[in-house]
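**Q** Sharing target-v5.cif (mmCIF, C-alpha atoms and all ligand atoms) below.
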```cif
data_final
#
loop_
_atom_site.label_atom_id
_atom_site.label_comp_id
_atom_site.auth_asym_id
_atom_site.auth_seq_id
_atom_site.Cartn_x
_atom_site.Cartn_y
_atom_site.Cartn_z
CA MET P 1 195.76 33.18 194.05
CA ALA P 2 198.98 35.00 194.84
CA LEU P 3 200.30 37.43 192.24
CA ASN P 4 203.90 37.39 191.10
CA ALA P 5 205.98 40.50 191.88
CA CYS P 6 205.30 42.23 188.57
CA GLU P 7 201.58 41.52 188.77
CA LEU P 8 201.56 42.93 192.28
CA GLU P 9 203.42 46.01 191.04
CA ILE P 10 200.81 46.56 188.31
CA ASP P 11 197.89 46.00 190.67
CA LEU P 12 199.37 48.44 193.19
CA PHE P 13 199.73 51.05 190.45
CA CYS P 14 196.05 50.52 189.59
CA ARG P 15 194.57 50.24 193.09
CA GLY P 16 197.02 52.07 195.32
CA LEU P 17 198.15 51.18 198.83
CA ARG P 18 196.57 52.08 202.16
CA VAL P 19 198.98 53.10 204.90
CA PRO P 20 197.13 53.01 208.25
CA SER P 21 198.01 55.84 210.60
CA ASP P 22 199.49 53.41 213.16
CA VAL P 23 202.04 52.03 210.67
CA SER P 24 205.27 53.93 211.22
CA LEU P 25 207.24 55.06 208.19
CA GLU P 26 209.99 56.56 210.29
CA GLY P 27 213.22 56.72 208.32
CA ALA P 28 211.52 55.94 205.01
CA ARG P 29 212.02 58.07 201.95
CA GLY P 30 209.56 60.92 202.08
CA ILE P 31 206.84 61.29 199.51
CA SER P 32 208.39 63.39 196.77
CA ARG P 33 206.05 65.76 195.04
CA THR P 34 208.44 66.59 192.26
CA ARG P 35 208.42 66.70 188.49
CA ALA P 36 205.16 65.53 186.92
CA GLY P 37 203.97 64.26 190.29
CA LEU P 38 204.45 60.56 189.67
CA GLY P 39 206.77 60.33 192.65
CA SER P 40 203.90 61.27 194.94
CA GLY P 41 203.65 57.79 196.43
CA LEU P 42 205.60 55.52 198.75
CA GLU P 43 208.78 53.92 197.43
CA ILE P 44 208.77 50.17 198.04
CA VAL P 45 210.84 47.19 196.90
CA ILE P 46 209.15 43.90 196.04
CA PRO P 47 211.44 40.83 196.09
CA THR P 48 210.66 38.65 193.07
CA ARG P 49 212.08 35.24 194.08
CA SER P 50 212.79 34.74 190.37
CA TRP P 51 215.98 34.29 188.36
CA LEU P 52 214.58 36.75 185.82
CA LYS P 53 214.90 39.79 188.06
CA HIS P 54 216.00 40.22 191.65
CA ASP P 55 213.88 43.09 193.01
CA ILE P 56 211.16 45.36 191.66
CA TRP P 57 211.16 48.98 192.74
CA MET P 58 207.95 50.93 192.59
CA ASN P 59 206.35 54.12 193.80
CA ALA P 60 202.99 52.99 195.15
CA PRO P 61 200.14 55.54 195.06
CA VAL P 62 199.11 56.34 198.64
CA THR P 63 197.75 59.89 198.68
CA GLU P 64 195.18 59.73 195.87
CA ASP P 65 191.50 59.14 196.65
CA PHE P 66 191.42 55.76 194.92
CA ALA P 67 194.25 54.50 197.16
CA GLN P 68 192.11 55.06 200.27
CA GLY P 69 189.77 52.28 199.12
CA SER P 70 192.53 49.89 198.09
CA PRO P 71 192.40 46.26 199.22
CA TYR P 72 196.17 46.48 199.78
CA VAL P 73 197.20 47.52 203.28
CA LEU P 74 200.74 48.15 204.48
CA GLN P 75 201.60 46.37 207.74
CA GLY P 76 204.72 46.18 209.89
CA SER P 77 207.30 48.59 211.21
CA PRO P 78 210.85 49.81 210.53
CA GLY P 79 212.27 47.32 213.03
CA ALA P 80 210.21 44.23 212.18
CA GLY P 81 209.97 44.81 208.42
CA TYR P 82 206.95 45.36 206.24
CA SER P 83 204.40 43.38 204.30
CA ILE P 84 201.41 44.19 202.13
CA TYR P 85 198.20 42.44 203.03
CA ASP P 86 195.59 41.87 200.32
CA ARG P 87 192.23 41.72 202.07
CA ARG P 88 190.48 40.12 199.06
CA GLY P 89 192.35 36.86 198.99
CA ALA P 90 194.09 37.15 202.38
CA GLN P 91 197.46 37.08 200.62
CA ARG P 92 200.48 38.65 202.24
CA TYR P 93 203.52 39.90 200.35
CA ARG P 94 206.81 40.79 201.98
CA VAL P 95 208.17 44.16 200.85
CA GLU P 96 210.92 46.55 201.84
CA VAL P 97 210.50 50.25 202.43
CA PRO P 98 213.81 51.87 201.42
CA ARG P 99 215.41 54.24 203.89
CA GLU P 100 215.94 57.89 203.22
CA PRO P 101 219.63 58.35 202.40
CA PRO P 102 221.60 60.51 204.86
CA TRP P 103 222.77 62.81 202.07
CA TYR P 104 219.18 64.08 201.57
CA GLN P 105 219.75 66.25 204.66
CA ARG P 106 223.12 67.57 203.57
CA LEU P 107 223.46 71.10 202.23
CA THR P 108 225.14 72.11 199.02
CA SER P 109 227.77 74.86 199.26
CA ARG P 110 224.91 77.29 198.49
CA ASP P 111 223.09 75.97 201.57
CA VAL P 112 220.39 74.19 199.62
CA PRO P 113 219.25 70.82 201.02
CA MET P 114 220.29 68.17 198.51
CA SER P 115 216.79 66.64 198.61
CA ARG P 116 215.59 69.89 196.98
CA ILE P 117 218.04 69.39 194.13
CA GLY P 118 217.52 65.74 193.28
CA VAL P 119 215.43 62.79 194.46
CA LEU P 120 215.89 59.05 194.23
CA GLN P 121 213.18 57.47 192.12
CA GLY P 122 213.95 53.81 192.57
CA THR P 123 217.72 53.49 192.27
CA TYR P 124 218.45 56.48 190.03
CA LEU P 125 218.64 60.19 190.71
CA GLY P 126 216.05 62.46 189.10
CA ILE P 127 216.81 66.16 188.74
CA TYR P 128 214.46 68.75 187.31
CA VAL P 129 216.60 71.35 185.57
CA ASN P 130 215.23 74.85 185.88
CA PRO P 131 213.27 76.88 185.03
CA VAL P 132 209.80 75.36 185.35
CA CYS P 133 208.25 73.95 182.17
CA ALA P 134 207.06 76.91 180.11
CA PHE P 135 203.65 75.34 179.34
CA TRP P 136 202.64 76.50 182.82
CA ASN P 137 203.28 80.15 181.91
CA TYR P 138 200.67 80.39 179.13
CA ARG P 139 197.26 81.89 179.90
CA PRO P 140 195.29 79.73 179.85
CA ALA P 141 197.96 77.25 180.90
CA LEU P 142 198.97 74.64 178.33
CA ASN P 143 200.32 72.11 180.81
CA CYS P 144 199.77 68.42 180.28
CA ARG P 145 196.60 67.66 182.19
CA PHE P 146 198.04 64.89 184.35
CA CYS P 147 201.07 66.94 185.43
CA THR P 148 201.77 68.89 188.63
CA THR P 149 205.25 70.18 187.81
CA GLY P 150 204.15 73.82 187.85
CA LYS P 151 202.93 73.39 191.42
CA ASN P 152 206.02 71.56 192.70
CA VAL P 153 209.08 73.33 191.33
CA GLY P 154 209.96 76.19 193.68
CA GLY P 155 207.79 74.62 196.38
CA HIS P 156 208.86 71.05 197.05
CA GLU P 157 212.08 71.41 195.16
CA ALA P 158 214.52 74.26 194.53
CA ALA P 159 213.47 76.64 191.77
CA VAL P 160 217.08 77.34 190.81
CA LYS P 161 219.65 74.57 190.56
CA THR P 162 223.15 75.71 189.81
CA VAL P 163 225.64 73.42 188.14
CA ASP P 164 227.60 73.28 191.40
CA ASP P 165 224.48 72.28 193.37
CA VAL P 166 223.83 69.52 190.89
CA VAL P 167 227.42 68.26 190.84
CA GLU P 168 227.59 68.15 194.65
CA THR P 169 224.25 66.32 194.88
CA CYS P 170 225.21 63.82 192.19
CA ARG P 171 228.51 63.12 193.92
CA ALA P 172 226.75 62.57 197.24
CA ALA P 173 224.20 60.25 195.62
CA LYS P 174 226.93 58.26 193.90
CA GLU P 175 229.02 57.90 197.05
CA GLY P 176 226.14 57.50 199.52
CA SER P 177 223.60 55.48 197.56
CA GLY P 178 225.60 53.84 194.78
CA VAL P 179 223.68 55.78 192.14
CA THR P 180 224.87 55.06 188.60
CA PHE P 181 222.44 57.18 186.58
CA VAL P 182 221.19 60.76 186.75
CA HIS P 183 218.20 61.80 184.71
CA PHE P 184 217.75 65.47 183.76
CA ASN P 185 214.19 66.40 183.03
CA GLY P 186 212.71 69.82 182.35
CA GLY P 187 209.54 69.79 180.29
CA PHE P 188 209.24 72.56 177.69
CA GLN P 189 212.03 75.15 177.68
CA GLY P 190 211.50 76.57 174.20
CA SER P 191 214.33 76.22 171.73
CA ARG P 192 217.01 76.78 174.40
CA GLY P 193 216.16 73.71 176.45
CA LEU P 194 218.73 71.25 175.24
CA ARG P 195 221.45 73.89 175.19
CA GLU P 196 220.72 74.71 178.83
CA ALA P 197 221.19 71.06 179.73
CA GLU P 198 224.71 71.05 178.28
CA PRO P 199 226.58 72.56 181.28
CA TYR P 200 224.97 70.02 183.63
CA VAL P 201 225.86 67.10 181.39
CA LYS P 202 229.42 68.30 180.88
CA ALA P 203 229.96 68.89 184.59
CA ILE P 204 228.65 65.46 185.61
CA LYS P 205 230.70 63.65 183.01
CA GLU P 206 233.85 65.55 183.93
CA ASN P 207 233.53 65.79 187.70
CA VAL P 208 231.34 62.95 188.94
CA GLY P 209 231.17 60.14 186.42
CA LEU P 210 227.61 58.88 186.04
CA LEU P 211 225.45 57.66 183.20
CA VAL P 212 223.36 60.64 182.12
CA GLY P 213 219.87 60.80 180.64
CA VAL P 214 218.08 63.84 179.25
CA GLN P 215 214.33 64.25 178.89
CA LEU P 216 213.13 67.56 177.48
CA THR P 217 210.57 68.32 174.85
CA PRO P 218 212.02 67.74 171.37
CA GLU P 219 213.70 70.41 169.29
CA ARG P 220 213.55 70.80 165.55
CA ASP P 221 217.27 71.33 165.09
CA PHE P 222 218.64 67.84 165.73
CA ARG P 223 222.19 69.18 165.96
CA ALA P 224 221.29 69.91 169.59
CA TYR P 225 221.21 66.14 170.16
CA ASP P 226 224.55 65.73 168.41
CA ARG P 227 226.15 68.20 170.81
CA LEU P 228 224.78 66.36 173.83
CA ILE P 229 225.89 63.01 172.45
CA ASP P 230 229.37 64.44 172.01
CA LEU P 231 229.29 65.60 175.62
CA GLY P 232 228.59 62.01 176.65
CA VAL P 233 224.82 61.72 177.12
CA ASP P 234 223.94 58.05 177.45
CA HIS P 235 220.18 58.17 177.14
CA PHE P 236 217.38 60.32 175.73
CA SER P 237 213.73 59.85 176.49
CA PHE P 238 210.80 61.39 174.65
CA CYS P 239 207.47 61.87 176.37
CA LEU P 240 205.07 60.98 173.63
CA GLU P 241 202.46 60.21 176.32
CA LEU P 242 199.56 59.32 173.98
CA PHE P 243 199.61 57.79 170.53
CA ASP P 244 196.22 58.77 169.20
CA PRO P 245 196.54 62.38 167.89
CA GLU P 246 193.19 63.44 169.33
CA TRP P 247 194.02 62.11 172.78
CA PHE P 248 197.46 63.70 172.50
CA ALA P 249 195.93 67.11 171.73
CA ARG P 250 193.35 66.76 174.49
CA ILE P 251 195.70 65.72 177.29
CA CYS P 252 198.87 67.52 176.15
CA PRO P 253 197.64 70.79 174.61
CA GLY P 254 201.00 72.56 174.94
CA LYS P 255 202.88 69.82 173.16
CA ALA P 256 200.24 69.57 170.45
CA GLN P 257 200.00 73.30 169.78
CA THR P 258 203.66 74.30 169.98
CA LEU P 259 205.56 71.22 168.82
CA GLY P 260 203.22 68.71 167.22
CA GLN P 261 203.13 65.02 167.98
CA SER P 262 205.21 63.97 164.98
CA LEU P 263 208.25 65.88 166.24
CA PHE P 264 208.43 63.57 169.29
CA LEU P 265 208.62 60.54 167.01
CA GLU P 266 211.09 62.15 164.60
CA ALA P 267 213.45 63.21 167.40
CA MET P 268 213.19 59.77 168.97
CA ASP P 269 213.98 58.12 165.63
CA TYR P 270 216.95 60.43 165.12
CA CYS P 271 218.46 59.74 168.53
CA ALA P 272 217.78 56.03 168.18
CA SER P 273 219.73 56.10 164.91
CA ARG P 274 222.68 57.81 166.61
CA LEU P 275 222.84 55.85 169.86
CA PRO P 276 223.09 52.12 170.51
CA ARG P 277 219.92 50.03 170.62
CA GLY P 278 218.19 50.36 173.93
CA ALA P 279 219.72 53.78 174.74
CA VAL P 280 216.61 55.77 173.79
CA SER P 281 213.11 55.49 175.16
CA GLY P 282 209.64 56.63 174.26
CA GLU P 283 207.48 57.39 177.27
CA ILE P 284 203.76 56.73 177.15
CA ILE P 285 200.90 56.75 179.60
CA ALA P 286 198.67 53.71 179.70
CA GLY P 287 195.13 53.81 180.96
CA LEU P 288 193.75 56.87 179.16
CA GLU P 289 193.41 56.18 175.45
CA PRO P 290 192.11 52.78 174.23
CA VAL P 291 194.55 49.95 174.91
CA GLU P 292 194.95 49.22 171.18
CA ASN P 293 196.52 52.67 170.74
CA THR P 294 198.95 52.02 173.57
CA LEU P 295 199.91 48.70 171.99
CA ALA P 296 200.49 50.47 168.67
CA ALA P 297 202.74 53.01 170.41
CA ILE P 298 204.77 50.19 171.97
CA GLU P 299 205.24 48.62 168.56
CA ARG P 300 206.23 51.94 167.00
CA ILE P 301 208.80 52.72 169.69
CA THR P 302 210.45 49.30 169.69
CA SER P 303 210.56 49.16 165.88
CA VAL P 304 213.44 51.68 165.92
CA GLY P 305 215.38 49.95 168.70
CA ALA P 306 214.08 52.20 171.47
CA PHE P 307 212.33 50.88 174.55
CA PRO P 308 208.94 51.94 175.90
CA THR P 309 208.70 53.41 179.38
CA VAL P 310 205.06 52.97 180.24
CA CYS P 311 203.52 54.89 183.14
CA VAL P 312 200.28 53.56 184.52
CA PHE P 313 198.06 56.64 184.58
CA ARG P 314 197.91 58.12 188.09
CA PRO P 315 195.25 60.75 188.88
CA THR P 316 197.73 62.73 190.92
CA VAL P 317 196.39 65.00 193.66
CA GLY P 318 196.45 68.61 192.46
CA SER P 319 196.51 67.78 188.76
CA ASP P 320 193.71 68.69 186.36
CA MET P 321 192.88 64.99 186.18
CA GLU P 322 192.86 64.17 189.86
CA HIS P 323 189.27 62.94 189.74
CA TRP P 324 189.74 60.61 186.78
CA PRO P 325 189.55 56.87 187.55
CA PRO P 326 192.74 54.79 187.65
CA PRO P 327 193.17 52.12 184.96
CA ASP P 328 191.99 48.54 185.02
CA TYR P 329 194.46 45.84 186.12
CA ASP P 330 193.73 43.39 183.27
CA ASP P 331 194.31 46.12 180.67
CA MET P 332 197.58 47.17 182.30
CA ARG P 333 198.82 43.61 182.58
CA ARG P 334 198.15 43.17 178.87
CA VAL P 335 200.06 46.37 178.09
CA MET P 336 203.11 45.45 180.19
CA ALA P 337 203.23 41.95 178.73
CA ALA P 338 203.21 43.59 175.29
CA VAL P 339 206.15 45.83 176.28
CA TYR P 340 208.32 42.84 177.07
CA ASP P 341 207.14 40.92 174.02
CA ALA P 342 207.86 43.84 171.66
CA CYS P 343 211.33 44.36 173.18
CA ARG P 344 212.03 40.67 172.68
CA ARG P 345 210.82 40.56 169.08
CA HIS P 346 212.73 43.72 168.13
CA ARG P 347 215.84 42.64 170.04
CA VAL P 348 215.94 45.70 172.27
CA PRO P 349 218.51 45.02 175.01
CA ILE P 350 216.57 46.05 178.10
CA GLY P 351 218.02 46.14 181.60
CA LEU P 352 221.62 46.32 180.40
CA ALA P 353 222.90 49.32 182.36
CA PRO P 354 223.93 48.60 185.96
CA ASN P 355 221.63 49.40 188.86
CA ILE P 356 218.88 51.35 187.09
CA ASP P 357 215.47 50.52 188.45
CA VAL P 358 212.86 53.17 187.82
CA SER P 359 210.13 53.24 190.45
CA LEU P 360 207.70 55.42 188.49
CA VAL P 361 207.01 52.90 185.74
CA VAL P 362 206.88 49.17 185.18
CA ASN P 363 210.40 48.60 183.83
CA PRO P 364 210.40 46.52 180.64
CA ASP P 365 212.53 43.87 182.34
CA ASP P 366 210.10 43.71 185.29
CA ALA P 367 207.61 42.44 182.73
CA ALA P 368 209.76 39.37 182.02
CA LEU P 369 207.78 37.88 184.91
CA LEU P 370 204.64 38.12 182.80
CA ALA P 371 206.01 36.30 179.76
CA PRO P 372 205.21 32.70 178.88
CA ARG P 373 208.39 30.58 179.10
CA THR P 374 208.71 29.84 175.40
CA PRO P 375 212.01 28.95 173.67
CA GLY P 376 212.02 32.47 172.17
CA MET P 377 211.68 34.06 175.59
CA LEU P 378 214.47 31.94 177.08
CA ALA P 379 216.75 32.71 174.12
CA TYR P 380 216.13 36.43 174.63
CA GLU P 381 216.95 36.14 178.33
CA LEU P 382 220.22 34.34 177.56
CA TRP P 383 221.07 37.02 175.00
CA ARG P 384 220.38 39.78 177.55
CA ARG P 385 222.60 38.07 180.09
CA ALA P 386 225.46 37.70 177.64
CA LEU P 387 225.15 41.35 176.62
CA ARG P 388 225.22 42.44 180.26
CA VAL P 389 228.58 40.72 180.70
CA VAL P 390 229.97 42.25 177.51
CA ALA P 391 228.66 45.71 178.42
CA ARG P 392 230.01 45.77 181.97
CA PRO P 393 233.45 47.27 181.16
CA VAL P 394 231.89 49.72 178.74
CA PHE P 395 229.54 51.09 181.38
CA ALA P 396 232.34 51.09 183.96
CA LYS P 397 234.35 53.31 181.64
CA ARG P 398 231.43 55.63 181.01
CA MET P 399 230.89 56.02 184.75
CA ARG P 400 234.42 57.29 185.31
CA ALA P 401 234.86 61.05 185.70
CA THR P 402 236.74 62.11 182.61
CA PRO P 403 237.72 65.73 182.12
CA ARG P 404 237.81 66.26 178.37
CA SER P 405 236.90 68.72 175.67
CA PRO P 406 233.61 68.24 173.82
CA ARG P 407 235.45 67.58 170.57
CA SER P 408 237.14 64.51 171.97
CA GLY P 409 233.90 63.10 173.39
CA PRO P 410 232.67 59.65 172.45
CA THR P 411 230.31 59.06 169.61
CA SER P 412 227.89 56.23 169.19
CA ALA P 413 230.50 54.39 167.16
CA THR P 414 232.60 53.93 170.29
CA ARG P 415 229.71 52.53 172.29
CA ILE P 416 227.83 49.32 172.60
S1 LIG V 501 205.87 68.95 179.24
FE1 LIG V 501 203.91 68.39 180.19
S2 LIG V 501 204.43 66.67 181.59
FE2 LIG V 501 206.35 67.71 181.06
S3 LIG V 501 206.66 69.20 182.71
FE3 LIG V 501 205.58 70.28 181.02
S4 LIG V 501 203.40 70.12 181.52
FE4 LIG V 501 204.50 68.59 182.77
#
```
Could I get this file's structure written as structure tokens?
Ligand code: SF4
**A**
Amino acid sequence: MALNACELEIDLFCRGLRVPSDVSLEGARGISRTRAGLGSGLEIVIPTRSWLKHDIWMNAPVTEDFAQGSPYVLQGSPGAGYSIYDRRGAQRYRVEVPREPPWYQRLTSRDVPMSRIGVLQGTYLGIYVNPVCAFWNYRPALNCRFCTTGKNVGGHEAAVKTVDDVVETCRAAKEGSGVTFVHFNGGFQGSRGLREAEPYVKAIKENVGLLVGVQLTPERDFRAYDRLIDLGVDHFSFCLELFDPEWFARICPGKAQTLGQSLFLEAMDYCASRLPRGAVSGEIIAGLEPVENTLAAIERITSVGAFPTVCVFRPTVGSDMEHWPPPDYDDMRRVMAAVYDACRRHRVPIGLAPNIDVSLVVNPDDAALLAPRTPGMLAYELWRRALRVVARPVFAKRMRATPRSPRSGPTSATRI
């Protein structure tokens, strides 16, 4: 039986996609080995043919060992279009392979290719702010075991990103690709991390006009979040990764030993209390710890009005876990259905901001396609649609470049 678009997305995350050598990917976005390595696959777009969501963006695993044995095979060409053929049930799914944007090849005024400053991950721009996550500097290294950041920054992407480089790249991405959201990520930077993000945030808000997200390891002094909120940050995400403390310590030794798991939850709770519902997220990896723990994490995150961003575990090439097995489809379908259900029950307004589709995870609103069509589900969908209309002018205003002093910046009280 044919899968719907979200089911196909989940199954591709679990089984990967084979790209035969005679299938041309000319003009497609290159495989981006950046950040934690989750962008190491092929960006594709799956049309949903559903009123619940138009398209699903995903980054399909193609380089990992497990993907070489996948039943899913990419067919087609740039001219004729692409489809994914499932050899098990002889199903065929039409997909798009997004083109590489012309601005990737442009140089910043420092002569750095813009693709080494930021990469599109779905429809948003991801930028790793330097320097490389400090967990990689410990001996022995304390990096998260699934991560490849320490091997990518300085290699596949620029080791130093000046504010000017970032502003020029963001402007090009906004003008050339219609990007609405830039996400600054940087792993562990010690206690100076959030302060070092401030000049980037300020410059983007003043000179480009984009929604801005920040994802760094949490800091104990929550005034750092207040400063960023006053500068106009729209979104914070906290990489909790694993909910069970023993799994957390095993897979994320740096986070466990230097910060402690509870700080991730406390910082998330604090930011969720300061920003509108749905502006903060807790990031978790599904497919490592028992599913019941993942479900408990989803419940915990949504209980404070945050939304879960759930990565399907990917044994990325070059990571310490590259030989681990990928997760099981039925487990991951259960998890993603729970994400949507928890967002609905806790009235978290998912999918509100314009044009943000994250290819590295199953977006919570992708998972609407998994939900039974109950009266509660339909009421939630109507509520989300009404909120989207109400929020449109608010987001439009926040995406306008607005030179201003930090003191006059917006606070959560002025926002949806
Ligand atoms: S905090 Fe962990 S996942 Fe994030 S960059 Fe550092 S090692 Fe990688």
**Q** Considering only C-alpha atoms, state which residue in the set P:Leu17, P:Pro354, P:Phe66, P:Val23 is at the smallest distance from Ile44 of chain P.
**A** P:Leu17
**Q** Which residues are near ligand LIG 501 (chain V) - at most 6 Å, using all atoms listed in the file? Format: as an NGL selection string.
**A** :P and (36 or 133 or 135 or 143-144 or 147 or 149 or 187-188)
**Q** Find the residue from P:Ile117, P:Ala224, P:Glu64, P:Pro102 that sits nearest to Glu175 of chain P; use all atoms listed in the file when measuring.
**A** P:Pro102
**Q** Applying 7 Å and only C-alpha atoms, which residues near Tyr104 of chain P remain after dropping the ones on its own chain fewer than 3 positions away? List them as a ChimeraX atom specification.
**A** /P:101,113-115
**Q** Between atom CA of Gly305 of chain P and atom CA of Ala272 of chain P, what is the distance in Å, rounded to a tenth?
**A**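 Going from atom CA of Gly305 of chain P over to atom CA of Ala272 of chain P, I get 6.6 Å.
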**Q** What residues have an atom no more than 9 Å from (229.4, 59.1, 189.7) in the file's own frame, counting all atoms listed in the file, and can you write them as a PyMOL selection string?
**A** chain P and resi 170-175+178-182+204-205+207-211+399-401
**Q** Point out the residue among P:Gly126, P:Ala379, P:Ala134, P:Arg116 with the least atom-to-atom distance to Gly254 of chain P, counting all atoms listed in the file.
**A**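 Distance minimum relative to Gly254 of chain P lands on P:Ala134.
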**Q** Give the answer as one residue: which of P:Ala267, P:Tyr200, P:Trp247, P:Pro325 has the shortest atom-to-atom distance to Tyr225 of chain P, using only C-alpha atoms?
**A**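 Among the listed residues, P:Ala267 lies closest to Tyr225 of chain P.
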**Q** Using only C-alpha atoms, which protein or nucleic acid residues come within 8 Å of Asp365 of chain P? Drop anything in the same chain fewer than 5 positions from it, and give the result as an NGL selection string.
**A** :P and (53 or 340 or 350-351)
**Q** So which one's closest to Leu216 of chain P, P:Leu378, P:Val163, P:Gly282, P:Gly232? Using all atoms listed in the file, please.
**A**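 Selected residue with least distance to Leu216 of chain P: P:Gly282.
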**Q** Write out as number ranges by chain which residues come within 9 Å of Pro98 of chain P when counting only C-alpha atoms, dropping same-chain ones fewer than 6 positions away.
**A** P: 27-29, 43-45
**Q** Now that the selection is made, can you save its residues with C-alpha atoms as a PDB file, in the frame of the given file?
**A**
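Result saved to selection-v8.pdb:
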```pdb
ATOM      1  CA  GLY P  27     213.220  56.720 208.320  1.00  0.00           C
ATOM      2  CA  ALA P  28     211.520  55.940 205.010  1.00  0.00           C
ATOM      3  CA  ARG P  29     212.020  58.070 201.950  1.00  0.00           C
ATOM      4  CA  GLU P  43     208.780  53.920 197.430  1.00  0.00           C
ATOM      5  CA  ILE P  44     208.770  50.170 198.040  1.00  0.00           C
ATOM      6  CA  VAL P  45     210.840  47.190 196.900  1.00  0.00           C
TER       7      VAL P  45
END
```
**Q** Between atom CA of Pro349 of chain P and atom CA of Thr48 of chain P, measure the distance and give it in Å to one decimal.
**A**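 The value is 20.7 Å.
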**Q** For each of P:Val358, P:Leu265, P:Met332, P:Val390, take the minimum atom-to-atom distance to Leu370 of chain P, counting only C-alpha atoms, then give the residue where this is smallest.
**A**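 Smallest distance to Leu370 of chain P is found for P:Met332.
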**Q** For Met321 of chain P, list every protein, DNA or RNA residue within 7 Å, evaluated using only C-alpha atoms, and leave out those in the same chain fewer than 4 positions away; present the list as a compact mmCIF listing (two decimals) with C-alpha atoms, in the coordinates of the input.
**A**
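Saved result, part-v2.txt, follows:
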```txt
# COMPACT_ATOMS: atom_id res chain seq x y z
CA ARG P 145 196.60 67.66 182.19
CA PHE P 146 198.04 64.89 184.35
CA PRO P 315 195.25 60.75 188.88
```
**Q** Atom CA of Pro372 of chain P to atom CA of Ser83 of chain P: how many Å, to one decimal?
**A**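 Computing the Euclidean distance for atom CA of Pro372 of chain P and atom CA of Ser83 of chain P yields 27.6 Å.
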